[in-house]
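S.K.: Sharing a structure, written as structure tokens. Questions coming.
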Number of protein chains: 2
Amino acid sequence: MPPLLKIRSERDQMSAIERRIADFLLENAHLLRDYSSQQLADALKISQSSVVKFSQKLGFKGYPDLKYSVGEAVARSTGGETTRATRSAKRDTQAALAESLWASKARAEEETRLINAPDKLATIANTIDRAGKVFLIGSGDDGVAAQMFAMQLSSLAIVAIHHSDPLLMAASISTAGKGDVLVMLCEHGQHHAISHLSRQFRERGGKSVSVTRHTANPLRAHADMALLVSAHDERTHIEPLLYQSALLHLLDLLFVLLCEEGDDRLAKLGASRERGKQLGES
Amino acid sequence: MPPLLKIRSERDQMSAIERRIADFLLENAHLLRDYSSQQLADALKISQSSVVKFSQKLGFKGYPDLKYSVGEAVARSTGGETTRATRSAKRDTQAALAESLWASKARAEEETRLINAPDKLATIANTIDRAGKVFLIGSGDDGVAAQMFAMQLSSLAIVAIHHSDPLLMAASISTAGKGDVLVMLCEHGQHHAISHLSRQFRERGGKSVSVTRHTANPLRAHADMALLVSAHDERTHIEPLLYQSALLHLLDLLFVLLCEEGDDRLAKLGASRERGKQLGES
DNA sequence: TAGAGCGTCAATAATTTATTCTTGATCTAT
DNA sequence: ATAGATCAAGAATAAATTATTGACGCTCTA
């Protein structure tokens with residue numbers, strides 16, 4: 001039980017002095033850091049030993065232990081508050097910049113999470129999990145994201161084939177069959193070539209998944225399943241960053257779902273990581 | 001700055017004994033509660049006064065103060081979650097998953113921002129801005145990030161050459177000269193091949209920038225400028241996501257700084273985007 | 001009203017923390 | 001090289017904080 005809650009709940013069967021201590025703690029928990037048991041006693045005009053006994057009666061090893069617990073509780077409740085001290089001008093403006101960029105990203109990622117129903121995500125994760133081969137296409141920014149996701153899939157021992165080029169992908173797809181999955185990343189969903197691929201792929205019995213902005217777009221319309229990304233900012237140089245970030249976050253989420261899909265996935269991930277480490281030493 | 005982050009970031013310029021203490025704290029932060037300064041000293045076979053001095057050097061009032069701070073930090077990081085009862089639907093668990101992932105990322109990005117001094121970032125942005133050519137090397141996850149950054153630089157009309165392969169990069173570098181920049185992304189900074197490239201590159205008069213985890217590592221030591229990434233999580237399948245995310249965030253920040261470096265940069269970005277749009281319609 | 005039970009405090013013991021001082025190692029400038 | 005400076009580390013010790021003890025007074029009850 002959190003210490004402050006415990007104190008409150010036992011407050012009623014306490015003696016007068018104990019109640020004084022309890023009240024002080026409840027009101028001043030956040031500045032307990034600077035109080036020794038003696039100082040606390042002085043502040044309340046009671047003896048130091050009363051403070052110690054109070055601590056022990058509540059089940060703590062002693063006063064420092066109580067103090068430590070209260071510190072934890074306060075930290076938890078006040079969240080990840082960062083003490084922001086005013087520094088030099090440059091530091092401030094740059095911190096503000098970082099802060100604002102971060103906030104924008106947070107918003108984009110949050111929006112993105114909300115417009116993709118959990119069931120849908122779970123279904124897609126499941127489909128990928130059972131898939132024979134996973135094909136990924138995307139160019140430009142999308143290509144990089146696709147590549148990253150492909151690497152993640154590989155590390156889970158899922159066969160993933162990534163191409164930026166629709167022509168190359170067309171060739172790869174000719175080996176696809178039922179149970180395979182095609183993940184198409186295309187910000188605006190307007191690449192005809194990709195829509196075309198989708199059609200071919202589905203004819204061969206595979207499932208297609210589109211990942212686009214949440215606008216109406218042909219790619220999304222033609223896909224079996226559609227993931228959506230939301231990212232907006234009036235500063236045109238920022239918007240692509242938000243798109244990237246939200247997209248990656250969405251894919252990360254999918255990755256984590258996959259990790260938890262089956263126990264052996266994580267084992268395979270561990271093994272893959274080991275191999276990577278050995279190569280890395282070269 | 002959170003105490004554990006502070007410890008990590010100063011770890012490199014510590015003496016051997018101090019490093020022992022630092023490592024112990026980082027690994028055993030959650031059970032520091034039961035250690036007095038003397039017990040900690042005994043566990044590490046060092047003197048108690050060393051522990052106290054360590055605390056003071058880090059800016060704490062004394063050992064108990066350090067302990068208190070670490071307690072807060074641990075409490076915060078192990079989630080301000082008041083263990084929510086029965087998670088009924090799939091929706092809930094997935095939302096929680098997303099939430100936790102997002103919180104971890106936020107922490108990693110925040111930490112990363114804090115350990116890279118604004119001045120340093122500004123200097124690097126400036127160096128890149130003035131550079132003739134920018135070379136980027138990185139493989140695996142780092143490679144994807146490098147590629148992404150290269151694309152961003154290109155969109156600002158900065159000449160950016162990216163390779164995953166050190167051999168190819170070696171060939172490219174032979175065209176480099178004074179005023180050029182080599183950005184080396186390498187999570188653990190242990191790739192000898194990259195260190196080798198760095199040496200070659202600097203001999204030709206170029207400036208090298210390393211981007212690694214904030215551990216002591218050879219790559220970082222050899223570089224003219226070093227960017228650092230902080231990302232930690234006990235769940236081994238999550239940590240790489242955090243690294244990715246924090247790394248990209250750092251590079252995004254650099255990108256934004258570049259955008260604001262000169263007015264014409266934004267204009268060029270707009271033009272580049274226009275061209276991209278036209279291509280995209282195909 | 002004697003005495004058991006409890007809470008408080010002052011005194012003090014025990015523990016923990018902080019400081020001082022010494023030693024030895026590593027630089028630095030002559 | 002070498003004297004001097006600087007620093008890290010530990011031992012010894014001082015200072016502080018914390019914990020325990022025992023005495024006193026209060027209340028309740030048989």
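Here's how to read the names in the structure tokens: chain A, B, ... by the order shown, residue numbers from 1 in each chain, ligand numbers from 1 in the order shown.
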So that I can see what lies close to stretch 104-114 of chain B, please list as a list in words the residues with an atom at most 9 Å from it, counting only C-alpha atoms (C1' of nucleotides) and leaving out residues fewer than 3 positions away in the same chain.

M.R.: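 Listing them by chain and then by number gives Gly80, Ala95, Ala98, Trp102 and Ala106 of chain A; Met1, Pro2, Leu5, Ser77, Glu99, Ser100, Leu101, Ala117, Pro118, Leu228, Val229, Ser230, Ala231, His232, Asp233, Ile238, Leu241, Leu242, Tyr243, Ser245, Ala246, Leu247, His249 and Leu250 of chain B.
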
S.K.: Give me a file of those residues, with N, CA and C atoms, as a PDB file, in the first residue's frame.

M.R.:
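So out.pdb came out as:
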ATOM      1  N   GLY A  80       6.571  12.250 -14.458  1.00  0.00           N
ATOM      2  CA  GLY A  80       7.943  12.509 -14.880  1.00  0.00           C
ATOM      3  C   GLY A  80       8.261  13.982 -14.992  1.00  0.00           C
ATOM      4  N   ALA A  95      15.836  24.314 -26.550  1.00  0.00           N
ATOM      5  CA  ALA A  95      15.008  23.433 -25.740  1.00  0.00           C
ATOM      6  C   ALA A  95      13.551  23.595 -26.146  1.00  0.00           C
ATOM      7  N   ALA A  98      12.980  21.794 -29.335  1.00  0.00           N
ATOM      8  CA  ALA A  98      12.909  20.351 -29.113  1.00  0.00           C
ATOM      9  C   ALA A  98      11.575  19.994 -28.468  1.00  0.00           C
ATOM     10  N   TRP A 102       8.787  17.674 -30.084  1.00  0.00           N
ATOM     11  CA  TRP A 102       8.387  16.482 -29.373  1.00  0.00           C
ATOM     12  C   TRP A 102       6.877  16.445 -29.156  1.00  0.00           C
ATOM     13  N   ALA A 106       4.246  13.716 -30.439  1.00  0.00           N
ATOM     14  CA  ALA A 106       3.371  13.015 -29.501  1.00  0.00           C
ATOM     15  C   ALA A 106       1.935  13.082 -29.999  1.00  0.00           C
TER      16      ALA A 106
ATOM     17  N   MET B   1      18.438  17.141 -14.074  1.00  0.00           N
ATOM     18  CA  MET B   1      18.626  15.891 -14.828  1.00  0.00           C
ATOM     19  C   MET B   1      18.425  14.697 -13.886  1.00  0.00           C
ATOM     20  N   PRO B   2      17.733  13.690 -14.369  1.00  0.00           N
ATOM     21  CA  PRO B   2      17.534  12.494 -13.542  1.00  0.00           C
ATOM     22  C   PRO B   2      18.863  11.917 -13.094  1.00  0.00           C
ATOM     23  N   LEU B   5      20.625   9.156 -15.164  1.00  0.00           N
ATOM     24  CA  LEU B   5      21.148   9.676 -16.423  1.00  0.00           C
ATOM     25  C   LEU B   5      22.435  10.445 -16.192  1.00  0.00           C
ATOM     26  N   SER B  77      10.313   5.625 -13.107  1.00  0.00           N
ATOM     27  CA  SER B  77      10.506   4.825 -14.307  1.00  0.00           C
ATOM     28  C   SER B  77       9.742   3.510 -14.251  1.00  0.00           C
ATOM     29  N   GLU B  99       0.667   2.855 -24.717  1.00  0.00           N
ATOM     30  CA  GLU B  99       0.971   3.909 -23.754  1.00  0.00           C
ATOM     31  C   GLU B  99       2.374   3.715 -23.188  1.00  0.00           C
ATOM     32  N   SER B 100       2.654   2.501 -22.804  1.00  0.00           N
ATOM     33  CA  SER B 100       3.939   2.233 -22.169  1.00  0.00           C
ATOM     34  C   SER B 100       5.072   2.396 -23.170  1.00  0.00           C
ATOM     35  N   LEU B 101       4.833   1.943 -24.373  1.00  0.00           N
ATOM     36  CA  LEU B 101       5.851   2.101 -25.410  1.00  0.00           C
ATOM     37  C   LEU B 101       6.133   3.575 -25.637  1.00  0.00           C
ATOM     38  N   ALA B 117      24.606  18.708 -25.476  1.00  0.00           N
ATOM     39  CA  ALA B 117      24.532  20.132 -25.192  1.00  0.00           C
ATOM     40  C   ALA B 117      24.044  20.894 -26.423  1.00  0.00           C
ATOM     41  N   PRO B 118      23.166  21.864 -26.225  1.00  0.00           N
ATOM     42  CA  PRO B 118      22.651  22.669 -27.338  1.00  0.00           C
ATOM     43  C   PRO B 118      23.763  23.256 -28.184  1.00  0.00           C
ATOM     44  N   LEU B 228      25.348  11.750 -28.839  1.00  0.00           N
ATOM     45  CA  LEU B 228      25.100  10.590 -27.991  1.00  0.00           C
ATOM     46  C   LEU B 228      23.620  10.249 -27.941  1.00  0.00           C
ATOM     47  N   VAL B 229      23.354   8.988 -27.800  1.00  0.00           N
ATOM     48  CA  VAL B 229      21.974   8.514 -27.727  1.00  0.00           C
ATOM     49  C   VAL B 229      21.798   7.716 -26.443  1.00  0.00           C
ATOM     50  N   SER B 230      20.732   8.010 -25.742  1.00  0.00           N
ATOM     51  CA  SER B 230      20.427   7.254 -24.530  1.00  0.00           C
ATOM     52  C   SER B 230      19.135   6.479 -24.728  1.00  0.00           C
ATOM     53  N   ALA B 231      19.142   5.196 -24.455  1.00  0.00           N
ATOM     54  CA  ALA B 231      17.934   4.374 -24.606  1.00  0.00           C
ATOM     55  C   ALA B 231      18.112   3.099 -23.817  1.00  0.00           C
ATOM     56  N   HIS B 232      17.304   2.950 -22.794  1.00  0.00           N
ATOM     57  CA  HIS B 232      17.438   1.764 -21.950  1.00  0.00           C
ATOM     58  C   HIS B 232      16.074   1.193 -21.614  1.00  0.00           C
ATOM     59  N   ASP B 233      16.006  -0.126 -21.594  1.00  0.00           N
ATOM     60  CA  ASP B 233      14.775  -0.790 -21.172  1.00  0.00           C
ATOM     61  C   ASP B 233      15.113  -2.222 -20.815  1.00  0.00           C
ATOM     62  N   ILE B 238      12.323  -4.321 -26.591  1.00  0.00           N
ATOM     63  CA  ILE B 238      11.894  -2.919 -26.678  1.00  0.00           C
ATOM     64  C   ILE B 238      13.088  -2.000 -26.898  1.00  0.00           C
ATOM     65  N   LEU B 241      13.949  -0.514 -30.243  1.00  0.00           N
ATOM     66  CA  LEU B 241      12.964   0.462 -30.718  1.00  0.00           C
ATOM     67  C   LEU B 241      13.254   1.830 -30.113  1.00  0.00           C
ATOM     68  N   LEU B 242      13.620   1.804 -28.856  1.00  0.00           N
ATOM     69  CA  LEU B 242      13.893   3.074 -28.187  1.00  0.00           C
ATOM     70  C   LEU B 242      15.139   3.721 -28.781  1.00  0.00           C
ATOM     71  N   TYR B 243      16.129   2.887 -29.043  1.00  0.00           N
ATOM     72  CA  TYR B 243      17.356   3.425 -29.633  1.00  0.00           C
ATOM     73  C   TYR B 243      17.042   4.089 -30.964  1.00  0.00           C
ATOM     74  N   SER B 245      14.261   5.189 -32.080  1.00  0.00           N
ATOM     75  CA  SER B 245      13.409   6.348 -31.923  1.00  0.00           C
ATOM     76  C   SER B 245      14.199   7.559 -31.437  1.00  0.00           C
ATOM     77  N   ALA B 246      15.023   7.326 -30.432  1.00  0.00           N
ATOM     78  CA  ALA B 246      15.812   8.429 -29.884  1.00  0.00           C
ATOM     79  C   ALA B 246      16.812   8.934 -30.922  1.00  0.00           C
ATOM     80  N   LEU B 247      17.390   8.002 -31.658  1.00  0.00           N
ATOM     81  CA  LEU B 247      18.356   8.370 -32.688  1.00  0.00           C
ATOM     82  C   LEU B 247      17.690   9.245 -33.752  1.00  0.00           C
ATOM     83  N   HIS B 249      15.020  10.934 -33.475  1.00  0.00           N
ATOM     84  CA  HIS B 249      14.614  12.211 -32.900  1.00  0.00           C
ATOM     85  C   HIS B 249      15.781  13.188 -32.872  1.00  0.00           C
ATOM     86  N   LEU B 250      16.926  12.651 -32.505  1.00  0.00           N
ATOM     87  CA  LEU B 250      18.126  13.489 -32.460  1.00  0.00           C
ATOM     88  C   LEU B 250      18.437  14.041 -33.850  1.00  0.00           C
TER      89      LEU B 250
END

S.K.: Name all residues at most 8 Å from stretch 1-17 of chain D (count only C-alpha atoms (C1' of nucleotides); drop same-chain ones fewer than 4 positions away) and give them as a list in words.

M.R.: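 Using only C-alpha atoms (C1' of nucleotides), the neighbours found are Ser36 and Ser37 of chain A; Ser15, Ser47, Ser49 and Ser50 of chain B; DT16, DT17, DA18, DT19, DT20, DC27 and DT28 of chain C.
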
S.K.: Just write the chosen residues, C-alpha atoms (C1' of nucleotides), as a short mmCIF file (atom, residue, chain, number, x, y, z; two decimals), in the first residue's frame.

M.R.:
data_model
loop_
_atom_site.label_atom_id
_atom_site.label_comp_id
_atom_site.auth_asym_id
_atom_site.auth_seq_id
_atom_site.Cartn_x
_atom_site.Cartn_y
_atom_site.Cartn_z
CA SER A 36 15.66 14.95 9.35
CA SER A 37 13.67 13.29 12.08
CA SER B 15 38.08 7.14 -11.95
CA SER B 47 36.05 2.77 1.61
CA SER B 49 34.29 7.82 2.37
CA SER B 50 34.65 7.15 -1.32
"C1'" DT C 16 25.31 6.31 9.80
"C1'" DT C 17 27.29 10.01 7.50
"C1'" DA C 18 30.78 13.69 6.72
"C1'" DT C 19 35.41 15.61 7.26
"C1'" DT C 20 40.16 15.68 7.90
"C1'" DC C 27 51.27 15.17 -14.12
"C1'" DT C 28 53.90 19.68 -15.16
#

S.K.: Superposing chain B on chain A by least squares with every Cα paired in order, what RMSD results?

M.R.: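 Least-squares fit of chain B onto chain A, C-alpha RMSD 16.6 Å.
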
S.K.: Contacts of C:DC6 at 12 Å or less, counting only C-alpha atoms (C1' of nucleotides), minus same-chain residues fewer than 6 places along, as JSON, numbers by chain?

M.R.: {"A": [15], "D": [25, 26, 27, 28]}

S.K.: I'd like the contact shell of stretch 201-217 of chain B - 9 Å cut-off, only C-alpha atoms (C1' of nucleotides), skipping same-chain residues fewer than 6 positions apart - returned as an MDAnalysis selection string.

M.R.: chainID B and resid 8:9 11:12 115 124 127 170 173:174 176:190 223:231 243 247

S.K.: Write out, as an mmCIF file, in the first residue's frame, the residues just selected, with N, CA and C atoms.

M.R.:
data_model
loop_
_atom_site.group_PDB
_atom_site.id
_atom_site.type_symbol
_atom_site.label_atom_id
_atom_site.label_comp_id
_atom_site.auth_asym_id
_atom_site.auth_seq_id
_atom_site.Cartn_x
_atom_site.Cartn_y
_atom_site.Cartn_z
ATOM 1 N N ARG B 8 25.183 8.073 -15.666
ATOM 2 C CA ARG B 8 25.609 7.452 -16.921
ATOM 3 C C ARG B 8 26.439 8.400 -17.748
ATOM 4 N N SER B 9 25.991 9.641 -17.791
ATOM 5 C CA SER B 9 26.656 10.555 -18.710
ATOM 6 C C SER B 9 28.022 10.997 -18.197
ATOM 7 N N ARG B 11 29.878 8.951 -16.361
ATOM 8 C CA ARG B 11 30.619 7.722 -16.096
ATOM 9 C C ARG B 11 31.983 7.698 -16.771
ATOM 10 N N ASP B 12 32.022 8.272 -17.961
ATOM 11 C CA ASP B 12 33.239 8.141 -18.758
ATOM 12 C C ASP B 12 34.427 8.907 -18.198
ATOM 13 N N ILE B 115 21.590 14.920 -22.876
ATOM 14 C CA ILE B 115 23.029 14.650 -22.850
ATOM 15 C C ILE B 115 23.757 15.224 -24.056
ATOM 16 N N ILE B 124 27.423 21.437 -34.694
ATOM 17 C CA ILE B 124 27.376 20.386 -35.704
ATOM 18 C C ILE B 124 26.463 20.791 -36.860
ATOM 19 N N THR B 127 28.354 23.134 -38.931
ATOM 20 C CA THR B 127 29.388 22.468 -39.718
ATOM 21 C C THR B 127 28.782 21.797 -40.946
ATOM 22 N N ALA B 170 34.818 3.800 -48.301
ATOM 23 C CA ALA B 170 36.234 4.114 -48.447
ATOM 24 C C ALA B 170 36.496 4.694 -49.833
ATOM 25 N N ILE B 173 35.103 8.191 -50.018
ATOM 26 C CA ILE B 173 35.866 9.129 -49.201
ATOM 27 C C ILE B 173 37.107 9.636 -49.932
ATOM 28 N N SER B 174 37.583 8.827 -50.850
ATOM 29 C CA SER B 174 38.799 9.244 -51.534
ATOM 30 C C SER B 174 38.582 10.531 -52.320
ATOM 31 N N ALA B 176 36.978 13.005 -50.912
ATOM 32 C CA ALA B 176 36.674 14.021 -49.908
ATOM 33 C C ALA B 176 37.861 14.947 -49.668
ATOM 34 N N GLY B 177 37.565 16.097 -49.140
ATOM 35 C CA GLY B 177 38.629 17.037 -48.839
ATOM 36 C C GLY B 177 38.229 17.941 -47.698
ATOM 37 N N LYS B 178 38.961 19.007 -47.546
ATOM 38 C CA LYS B 178 38.699 19.933 -46.458
ATOM 39 C C LYS B 178 37.285 20.511 -46.582
ATOM 40 N N GLY B 179 36.620 20.671 -45.456
ATOM 41 C CA GLY B 179 35.280 21.232 -45.483
ATOM 42 C C GLY B 179 34.195 20.191 -45.640
ATOM 43 N N ASP B 180 34.600 18.958 -45.892
ATOM 44 C CA ASP B 180 33.591 17.899 -45.965
ATOM 45 C C ASP B 180 33.352 17.309 -44.567
ATOM 46 N N VAL B 181 32.235 16.634 -44.460
ATOM 47 C CA VAL B 181 31.868 16.071 -43.158
ATOM 48 C C VAL B 181 31.525 14.597 -43.306
ATOM 49 N N LEU B 182 31.987 13.806 -42.344
ATOM 50 C CA LEU B 182 31.626 12.389 -42.308
ATOM 51 C C LEU B 182 30.810 12.127 -41.041
ATOM 52 N N VAL B 183 29.573 11.690 -41.240
ATOM 53 C CA VAL B 183 28.735 11.353 -40.087
ATOM 54 C C VAL B 183 28.697 9.839 -39.944
ATOM 55 N N MET B 184 29.140 9.360 -38.789
ATOM 56 C CA MET B 184 29.248 7.915 -38.584
ATOM 57 C C MET B 184 28.242 7.474 -37.540
ATOM 58 N N LEU B 185 27.298 6.657 -37.932
ATOM 59 C CA LEU B 185 26.314 6.142 -36.987
ATOM 60 C C LEU B 185 26.666 4.711 -36.636
ATOM 61 N N CYS B 186 26.850 4.466 -35.376
ATOM 62 C CA CYS B 186 27.267 3.129 -34.953
ATOM 63 C C CYS B 186 26.906 2.958 -33.488
ATOM 64 N N GLU B 187 25.858 2.215 -33.261
ATOM 65 C CA GLU B 187 25.278 2.110 -31.914
ATOM 66 C C GLU B 187 26.314 1.938 -30.813
ATOM 67 N N HIS B 188 27.167 0.945 -30.978
ATOM 68 C CA HIS B 188 28.112 0.682 -29.900
ATOM 69 C C HIS B 188 29.504 1.249 -30.173
ATOM 70 N N GLY B 189 29.661 1.847 -31.324
ATOM 71 C CA GLY B 189 30.935 2.489 -31.626
ATOM 72 C C GLY B 189 32.106 1.541 -31.714
ATOM 73 N N GLN B 190 31.828 0.273 -32.011
ATOM 74 C CA GLN B 190 32.895 -0.719 -31.967
ATOM 75 C C GLN B 190 33.357 -1.188 -33.346
ATOM 76 N N ALA B 223 36.448 10.791 -32.912
ATOM 77 C CA ALA B 223 35.720 11.745 -33.752
ATOM 78 C C ALA B 223 35.963 13.185 -33.323
ATOM 79 N N ASP B 224 35.797 14.105 -34.272
ATOM 80 C CA ASP B 224 35.931 15.523 -33.950
ATOM 81 C C ASP B 224 34.788 15.980 -33.072
ATOM 82 N N MET B 225 33.605 15.461 -33.396
ATOM 83 C CA MET B 225 32.428 15.816 -32.597
ATOM 84 C C MET B 225 31.632 14.545 -32.347
ATOM 85 N N ALA B 226 30.976 14.488 -31.200
ATOM 86 C CA ALA B 226 30.260 13.256 -30.863
ATOM 87 C C ALA B 226 28.831 13.545 -30.420
ATOM 88 N N LEU B 227 27.891 12.899 -31.063
ATOM 89 C CA LEU B 227 26.508 12.949 -30.589
ATOM 90 C C LEU B 227 26.225 11.651 -29.835
ATOM 91 N N LEU B 228 25.348 11.750 -28.839
ATOM 92 C CA LEU B 228 25.100 10.590 -27.991
ATOM 93 C C LEU B 228 23.620 10.249 -27.941
ATOM 94 N N VAL B 229 23.354 8.988 -27.800
ATOM 95 C CA VAL B 229 21.974 8.514 -27.727
ATOM 96 C C VAL B 229 21.798 7.716 -26.443
ATOM 97 N N SER B 230 20.732 8.010 -25.742
ATOM 98 C CA SER B 230 20.427 7.254 -24.530
ATOM 99 C C SER B 230 19.135 6.479 -24.728
ATOM 100 N N ALA B 231 19.142 5.196 -24.455
ATOM 101 C CA ALA B 231 17.934 4.374 -24.606
ATOM 102 C C ALA B 231 18.112 3.099 -23.817
ATOM 103 N N TYR B 243 16.129 2.887 -29.043
ATOM 104 C CA TYR B 243 17.356 3.425 -29.633
ATOM 105 C C TYR B 243 17.042 4.089 -30.964
ATOM 106 N N LEU B 247 17.390 8.002 -31.658
ATOM 107 C CA LEU B 247 18.356 8.370 -32.688
ATOM 108 C C LEU B 247 17.690 9.245 -33.752
#

S.K.: Could you work out which residues of chain A fall inside 12 Å of chain D? Count only C-alpha atoms (C1' of nucleotides), and format the result as a list in words.

M.R.: Tyr35, Ser36, Ser37, Gln38, Gln39, Gln48, Ser49, Ser50, Val51, Val52, Lys53, Ser55, Gln56, Lys61, Gly62, Tyr63, Pro64 and Asp65 of chain A

S.K.: Per DSSP on the backbone, what are the strand (DSSP E or B) residues of stretch 182-267 of chain B, as a PyMOL selection string?

M.R.: chain B and resi 182-185+207-213+225-229

S.K.: Figure out the distance between atom CA of A:Gln94 and atom CA of B:Pro240, please, to one decimal in Å.

M.R.: 26.6 Å

S.K.: Could you make a table, as CSV, of the residues of chain A that have an atom within 6 Å of an atom of chain B, each with its nearest atom pair and distance in Å to one decimal, counting only C-alpha atoms, in chain and number order?

M.R.:
residue,atom,partner,partner_atom,distance
A:Tyr68,CA,B:Tyr68,CA,5.9
A:Gly71,CA,B:Glu72,CA,5.9
A:Glu72,CA,B:Glu72,CA,4.8
A:Ala75,CA,B:Glu72,CA,5.2
A:Arg76,CA,B:Gly80,CA,4.6
A:Arg91,CA,B:Pro118,CA,5.6
A:Pro118,CA,B:Arg91,CA,5.7

S.K.: Can those selected residues be exported to a file as a PDB file, in the first residue's frame so that it contains N, CA and C atoms?

M.R.:
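part-v4.pdb, freshly written:
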ATOM      1  N   TYR A  68      12.062   7.577   2.534  1.00  0.00           N
ATOM      2  CA  TYR A  68      12.347   7.027   1.212  1.00  0.00           C
ATOM      3  C   TYR A  68      11.046   6.641   0.503  1.00  0.00           C
ATOM      4  N   GLY A  71       9.134   9.579  -0.610  1.00  0.00           N
ATOM      5  CA  GLY A  71       9.787  10.123  -1.797  1.00  0.00           C
ATOM      6  C   GLY A  71       9.353   9.404  -3.053  1.00  0.00           C
ATOM      7  N   GLU A  72       9.344   8.097  -2.986  1.00  0.00           N
ATOM      8  CA  GLU A  72       8.898   7.312  -4.136  1.00  0.00           C
ATOM      9  C   GLU A  72       7.471   7.675  -4.520  1.00  0.00           C
ATOM     10  N   ALA A  75       7.178  10.956  -6.161  1.00  0.00           N
ATOM     11  CA  ALA A  75       7.726  10.905  -7.523  1.00  0.00           C
ATOM     12  C   ALA A  75       6.725  10.262  -8.473  1.00  0.00           C
ATOM     13  N   ARG A  76       6.111   9.209  -8.014  1.00  0.00           N
ATOM     14  CA  ARG A  76       5.153   8.523  -8.878  1.00  0.00           C
ATOM     15  C   ARG A  76       3.985   9.428  -9.217  1.00  0.00           C
ATOM     16  N   ARG A  91      20.275  27.925 -25.208  1.00  0.00           N
ATOM     17  CA  ARG A  91      19.771  26.678 -24.647  1.00  0.00           C
ATOM     18  C   ARG A  91      18.246  26.720 -24.591  1.00  0.00           C
ATOM     19  N   PRO A 118      -7.773  -1.213 -32.247  1.00  0.00           N
ATOM     20  CA  PRO A 118      -6.940  -2.286 -31.706  1.00  0.00           C
ATOM     21  C   PRO A 118      -7.207  -3.624 -32.391  1.00  0.00           C
TER      22      PRO A 118
END

S.K.: As a ChimeraX atom specification, please: every residue in stretch 35-154 of chain A that DSSP puts in alpha helix (DSSP H).

M.R.: /A:37-44,48-57,63-77,89-115,118-130,141-154
